[in-house]
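Below is query_34.txt, holding compact mmCIF, C-alpha atoms and all ligand atoms.
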```
# COMPACT_ATOMS: atom_id res chain seq x y z
CA MET A 207 136.67 72.27 88.72
CA GLU A 208 139.07 74.38 86.75
CA ASN A 209 139.53 77.93 88.01
CA TYR A 210 138.79 80.27 85.13
CA THR A 211 140.18 83.78 84.92
CA LYS A 212 138.38 87.09 85.00
CA GLU A 213 139.25 87.48 81.29
CA ASP A 214 137.52 84.20 80.47
CA TYR A 215 134.29 85.66 81.82
CA ILE A 216 134.73 89.17 80.41
CA ASN A 217 135.71 87.88 76.98
CA LYS A 218 132.73 85.53 76.92
CA LYS A 219 134.71 82.31 76.90
CA VAL A 220 133.13 80.97 80.07
CA ASN A 221 129.61 81.44 81.45
CA LEU A 222 128.79 79.36 84.50
CA HIS A 223 125.31 80.68 85.21
CA ILE A 224 122.67 79.81 82.63
CA HIS A 225 118.98 79.04 83.11
CA THR A 226 116.86 77.10 80.63
CA ILE A 227 113.24 76.19 80.04
CA TYR A 228 113.66 73.60 82.81
CA SER A 229 113.42 76.47 85.31
CA ASP A 230 112.51 80.10 84.57
CA GLY A 231 114.70 80.59 81.50
CA GLU A 232 113.82 80.77 77.82
CA ALA A 233 116.68 78.73 76.40
CA ASN A 234 116.55 75.20 75.18
CA PRO A 235 119.57 73.39 76.65
CA VAL A 236 120.54 71.70 73.38
CA ASN A 237 120.41 75.05 71.62
CA ILE A 238 122.48 76.80 74.31
CA VAL A 239 125.25 74.20 73.94
CA LYS A 240 125.14 74.66 70.17
CA GLN A 241 125.44 78.45 70.53
CA ALA A 242 128.31 78.10 73.02
CA LYS A 243 130.25 76.02 70.51
CA GLU A 244 129.51 78.36 67.63
CA ASN A 245 130.61 81.34 69.73
CA GLY A 246 133.89 79.74 70.80
CA TYR A 247 133.12 79.22 74.48
CA LYS A 248 135.46 77.03 76.56
CA LYS A 249 132.92 76.11 79.19
CA ILE A 250 129.35 76.82 80.18
CA ALA A 251 127.19 75.63 83.05
CA ILE A 252 123.45 75.20 83.03
CA CYS A 253 122.24 75.74 86.58
CA ASP A 254 118.47 75.74 86.70
CA HIS A 255 116.65 76.47 89.94
CA ASN A 256 116.48 73.32 92.04
CA THR A 257 116.57 70.94 89.09
CA ILE A 258 119.02 68.95 86.97
CA GLU A 259 116.44 68.06 84.27
CA ALA A 260 118.34 69.90 81.52
CA HIS A 261 121.32 67.62 82.12
CA LYS A 262 119.21 64.58 81.35
CA ILE A 263 118.57 66.10 77.91
CA ILE A 264 122.14 66.92 76.99
CA LYS A 265 125.65 65.99 78.08
CA ASP A 266 128.63 67.61 76.44
CA GLU A 267 132.31 68.28 77.08
CA ILE A 268 131.62 72.00 77.05
CA LEU A 269 128.82 71.69 79.60
CA ILE A 270 129.28 71.50 83.38
CA PRO A 271 126.44 69.70 85.18
CA ALA A 272 125.17 72.21 87.72
CA VAL A 273 122.16 73.41 89.68
CA GLU A 274 121.18 76.53 91.63
CA PHE A 275 119.47 75.77 94.92
CA ASP A 276 117.20 78.02 96.95
CA VAL A 277 118.15 77.70 100.59
CA TRP A 278 117.89 79.60 103.87
CA CYS A 279 120.92 80.09 106.07
CA GLY A 280 119.56 81.47 109.33
CA TYR A 281 117.59 84.61 108.43
CA VAL A 282 119.29 84.89 105.03
CA PHE A 283 117.63 83.53 101.91
CA MET A 284 120.30 82.68 99.38
CA HIS A 285 121.09 80.91 96.14
CA LEU A 286 123.70 78.18 96.23
CA LEU A 287 125.31 76.95 93.01
CA ALA A 288 126.52 73.38 92.78
CA TYR A 289 129.00 72.57 90.00
CA ASN A 290 130.35 69.35 88.59
CA ILE A 291 127.79 67.22 90.32
CA ASP A 292 126.89 63.63 89.60
CA ILE A 293 123.32 64.14 88.37
CA ASN A 294 122.40 60.59 89.38
CA ASN A 295 123.41 61.02 93.00
CA LYS A 296 120.31 60.07 95.03
CA GLU A 297 121.21 62.17 98.05
CA LEU A 298 121.55 65.30 95.93
CA LEU A 299 118.40 64.51 93.97
CA SER A 300 116.49 64.42 97.24
CA PHE A 301 117.22 68.18 97.53
CA CYS A 302 115.83 68.89 94.06
CA ALA A 303 112.41 70.30 93.20
CA LYS A 304 109.37 68.08 93.65
CA SER A 305 107.23 70.21 91.34
CA LYS A 306 107.69 72.44 88.29
CA LYS A 307 106.64 75.46 90.38
CA GLU A 308 109.66 74.97 92.65
CA THR A 309 111.86 75.58 89.62
CA GLU A 310 110.12 78.77 88.50
CA LEU A 311 108.11 80.81 90.96
CA ASP A 312 109.89 83.01 93.53
CA ILE A 313 106.83 82.88 95.75
CA VAL A 314 107.08 79.10 95.93
CA ARG A 315 110.87 78.91 96.01
CA ILE A 316 111.21 81.23 99.00
CA PHE A 317 109.58 78.53 101.14
CA ALA A 318 112.54 76.22 100.49
CA LYS A 319 113.11 73.89 103.44
CA ARG A 320 116.62 72.75 102.60
CA ASP A 321 119.17 72.54 105.40
CA ILE A 322 122.24 74.47 104.29
CA LYS A 323 124.76 72.22 106.08
CA LYS A 324 123.19 69.02 104.74
CA LEU A 325 122.91 70.54 101.28
CA ILE A 326 126.60 71.44 101.08
CA LYS A 327 127.48 67.97 102.34
CA ALA A 328 125.25 66.41 99.68
CA ILE A 329 126.89 68.52 96.95
CA HIS A 330 130.30 67.28 98.08
CA ASN A 331 129.08 63.69 98.27
CA ALA A 332 127.89 64.09 94.68
CA GLY A 333 131.43 65.10 93.68
CA GLY A 334 130.58 68.76 93.30
CA ILE A 335 131.57 72.12 94.69
CA ALA A 336 129.30 74.63 96.45
CA VAL A 337 129.40 78.28 95.41
CA LEU A 338 127.43 81.21 96.82
CA ALA A 339 125.57 82.82 93.90
CA HIS A 340 125.61 86.61 93.33
CA PRO A 341 126.87 87.41 96.86
CA ALA A 342 126.30 91.16 96.48
CA CYS A 343 122.57 90.41 96.40
CA CYS A 344 122.85 88.54 99.67
CA TRP A 345 120.94 90.35 102.40
CA ALA A 346 123.32 89.36 105.22
CA VAL A 347 124.26 92.55 107.06
CA ASN A 348 127.90 91.55 107.34
CA LEU A 349 128.81 89.66 104.18
CA GLU A 350 132.26 88.58 105.35
CA ARG A 351 130.93 87.10 108.58
CA PHE A 352 128.20 85.34 106.62
CA VAL A 353 130.68 83.86 104.15
CA LYS A 354 132.86 82.68 107.05
CA LYS A 355 129.88 80.84 108.46
CA LEU A 356 129.27 79.20 105.08
CA ILE A 357 132.94 78.24 104.87
CA SER A 358 132.57 76.45 108.20
CA TYR A 359 129.77 74.48 106.53
CA GLY A 360 132.06 73.62 103.61
CA LEU A 361 131.48 76.40 101.06
CA ASP A 362 134.03 76.20 98.23
CA GLY A 363 133.56 79.36 96.25
CA LEU A 364 131.95 82.71 95.51
CA GLU A 365 130.39 83.87 92.28
CA VAL A 366 132.62 86.88 91.74
CA TYR A 367 132.14 87.75 88.06
CA TYR A 368 128.48 88.63 87.82
CA PRO A 369 126.85 91.55 86.00
CA TYR A 370 124.30 92.35 88.73
CA LYS A 371 121.75 93.16 86.07
CA ARG A 372 119.24 90.44 86.58
CA HIS A 373 116.11 89.90 84.57
CA ARG A 374 114.12 91.71 87.26
CA GLY A 375 116.56 94.58 87.65
CA ILE A 376 119.36 95.23 90.09
CA ILE A 377 119.09 94.35 93.76
CA LYS A 378 122.41 94.93 95.49
CA PHE A 379 123.31 95.08 99.16
CA HIS A 380 127.11 94.85 98.84
CA LYS A 381 129.75 95.99 96.35
CA ALA A 382 131.10 93.53 93.78
CA VAL A 383 134.65 94.51 94.80
CA THR A 384 133.88 93.46 98.38
CA VAL A 385 132.88 90.03 97.09
CA GLU A 386 136.18 89.62 95.24
CA LYS A 387 138.19 90.72 98.31
CA ILE A 388 136.44 88.16 100.50
CA ALA A 389 137.03 85.41 97.92
CA ASP A 390 140.75 86.23 97.82
CA LYS A 391 141.08 86.56 101.59
CA TYR A 392 139.62 83.10 102.24
CA ASN A 393 141.11 81.44 99.16
CA LEU A 394 137.74 80.61 97.66
CA ILE A 395 137.16 79.46 94.10
CA LYS A 396 135.99 82.42 92.01
CA THR A 397 133.31 81.65 89.46
CA GLY A 398 131.20 83.80 87.19
CA GLY A 399 128.31 83.93 84.80
CA THR A 400 125.59 86.17 83.47
CA ASP A 401 122.55 84.52 85.09
CA LEU A 402 121.18 84.17 81.59
CA HIS A 403 117.42 83.73 81.41
CA LYS A 404 117.06 84.54 77.71
CA ALA A 405 117.30 82.16 74.77
CA ILE A 406 120.33 83.82 73.20
CA LEU A 407 123.78 83.34 74.70
CA ASP A 408 125.41 86.77 74.47
ZN ZN B 501 120.23 83.23 91.70
ZN ZN B 502 120.39 82.09 88.54
```

The structure in this file should be written as structure tokens.
Amino acid sequence: MENYTKEDYINKKVNLHIHTIYSDGEANPVNIVKQAKENGYKKIAICDHNTIEAHKIIKDEILIPAVEFDVWCGYVFMHLLAYNIDINNKELLSFCAKSKKETELDIVRIFAKRDIKKLIKAIHNAGGIAVLAHPACCWAVNLERFVKKLISYGLDGLEVYYPYKRHRGIIKFHKAVTVEKIADKYNLIKTGGTDLHKAILD
């Protein structure tokens, strides 16, 4: 996947974290792609929780096929973004939600039984890259040590450009600048997005 710059994210040319009605978002995927084109975006990614359903509805040059998985890594519950995946890959599909509730409700999603090592391997086998979502929200005590562990499992990137103003408010355990430093230190791909849950792409 192309490495976009900080400016691309700040200037609203790239947004690689968008939810739709296929998880807990309000946007229709077709409409989001339309808005992205009208607003002059270079690239967007729809990454619904544990599902690729939106990508069955629309495929477009501007749109990266993606998904955001709920997964535990030891005692840490985390969100793992997968970009540029083959949405027909059976192995990866076996990690996707079995019910609509698994794409929406936190209370259901926190019981995710995915194996982090197998999940990252499946993402790679599906041609994709694995990126830790909103790392500053990650409740690992030592973020750098945690990221190093994920790298040993094959992690490719960190979501560095993220507003940390989620639809439920701000939950932060680490500084955003710490996240960027770790990404640079370990040569990780730096991605970004707004974690959009609304219908309007801003
Ligand atoms: Zn998330
Ligand atoms: Zn998200």

- [ ] Record the distance separating CA of Ile316 in chain A and CA of Phe275 in chain A, expressed in Å with one decimal.
- [x] 10.7 Å

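Taking CA of Leu394 in chain A and CA of Ala342 in chain A as the two end points, the separation is 15.6 Å.
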
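Applying the 9 Å criterion to (117.0, 68.4, 81.6) in file coordinates and using all atoms listed in the file, one obtains the residues A:Thr226, A:Ile227, A:Tyr228, A:Pro235, A:Thr257, A:Ile258, A:Glu259, A:Ala260, A:His261, A:Lys262, A:Ile263, A:Ile264.
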
Open item on the list: Using only C-alpha atoms for the distances, tell me which of A:Ile224, A:Val282, A:Ile293, A:Asp276 is nearest to Ala251 in chain A.
Closed with: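 Among the listed residues, the smallest separation from Ala251 in chain A belongs to A:Ile224.
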
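Each residue with an atom within 8 Å of any atom of ligand ZN 502 (chain B) appears in the list, which was built counting all atoms listed in the file: His223, Ile224, His225, Cys253, Asp254, His255, Glu274, His285, Ala339, Asp401, Leu402 and His403 of chain A.
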
Task: Neighbour list for range 383-391 of chain A as a PyMOL selection string, cut-off 8 Å, all atoms listed in the file, skip fewer than 3 positions in-chain - done: chain A and resi 341-342+350+363-364+366+380+394-396

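Going from CA of Leu338 in chain A to CA of Glu244 in chain A covers 29.4 Å.
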
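Of the listed residues (A:His340, A:Lys404, A:Lys319, A:Lys212), A:His340 comes nearest to ligand ZN 501 (chain B); the distances count only C-alpha atoms and all ligand atoms.
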
TODO: Counting all atoms listed in the file, figure out which residue out of A:Asp292, A:Asp408, A:Glu365, A:Glu297 gets nearest to ligand ZN 501 (chain B).
DONE: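 Of A:Asp292, A:Asp408, A:Glu365, A:Glu297, the one nearest ligand ZN 501 (chain B) is A:Glu365, counting all atoms listed in the file.
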
Need the shell around Phe317 in chain A: protein/DNA/RNA residues with any atom at most 10 Å away, counting all atoms listed in the file. Skip same-chain ones fewer than 2 positions apart. Format as a compact mmCIF listing (two decimals) with C-alpha atoms, in the coordinates of the input?
```txt
# COMPACT_ATOMS: atom_id res chain seq x y z
CA ASP A 276 117.20 78.02 96.95
CA VAL A 277 118.15 77.70 100.59
CA TRP A 278 117.89 79.60 103.87
CA PHE A 283 117.63 83.53 101.91
CA GLU A 308 109.66 74.97 92.65
CA ASP A 312 109.89 83.01 93.53
CA ILE A 313 106.83 82.88 95.75
CA VAL A 314 107.08 79.10 95.93
CA ARG A 315 110.87 78.91 96.01
CA LYS A 319 113.11 73.89 103.44
CA ARG A 320 116.62 72.75 102.60
```

- [ ] Go through A:Ala382, A:Val239, A:Met284, A:Leu407 one by one, measure the shortest atom-to-atom distance of each to ligand ZN 501 (chain B) using all atoms listed in the file, and give the residue with the smallest value.
- [x] A:Met284
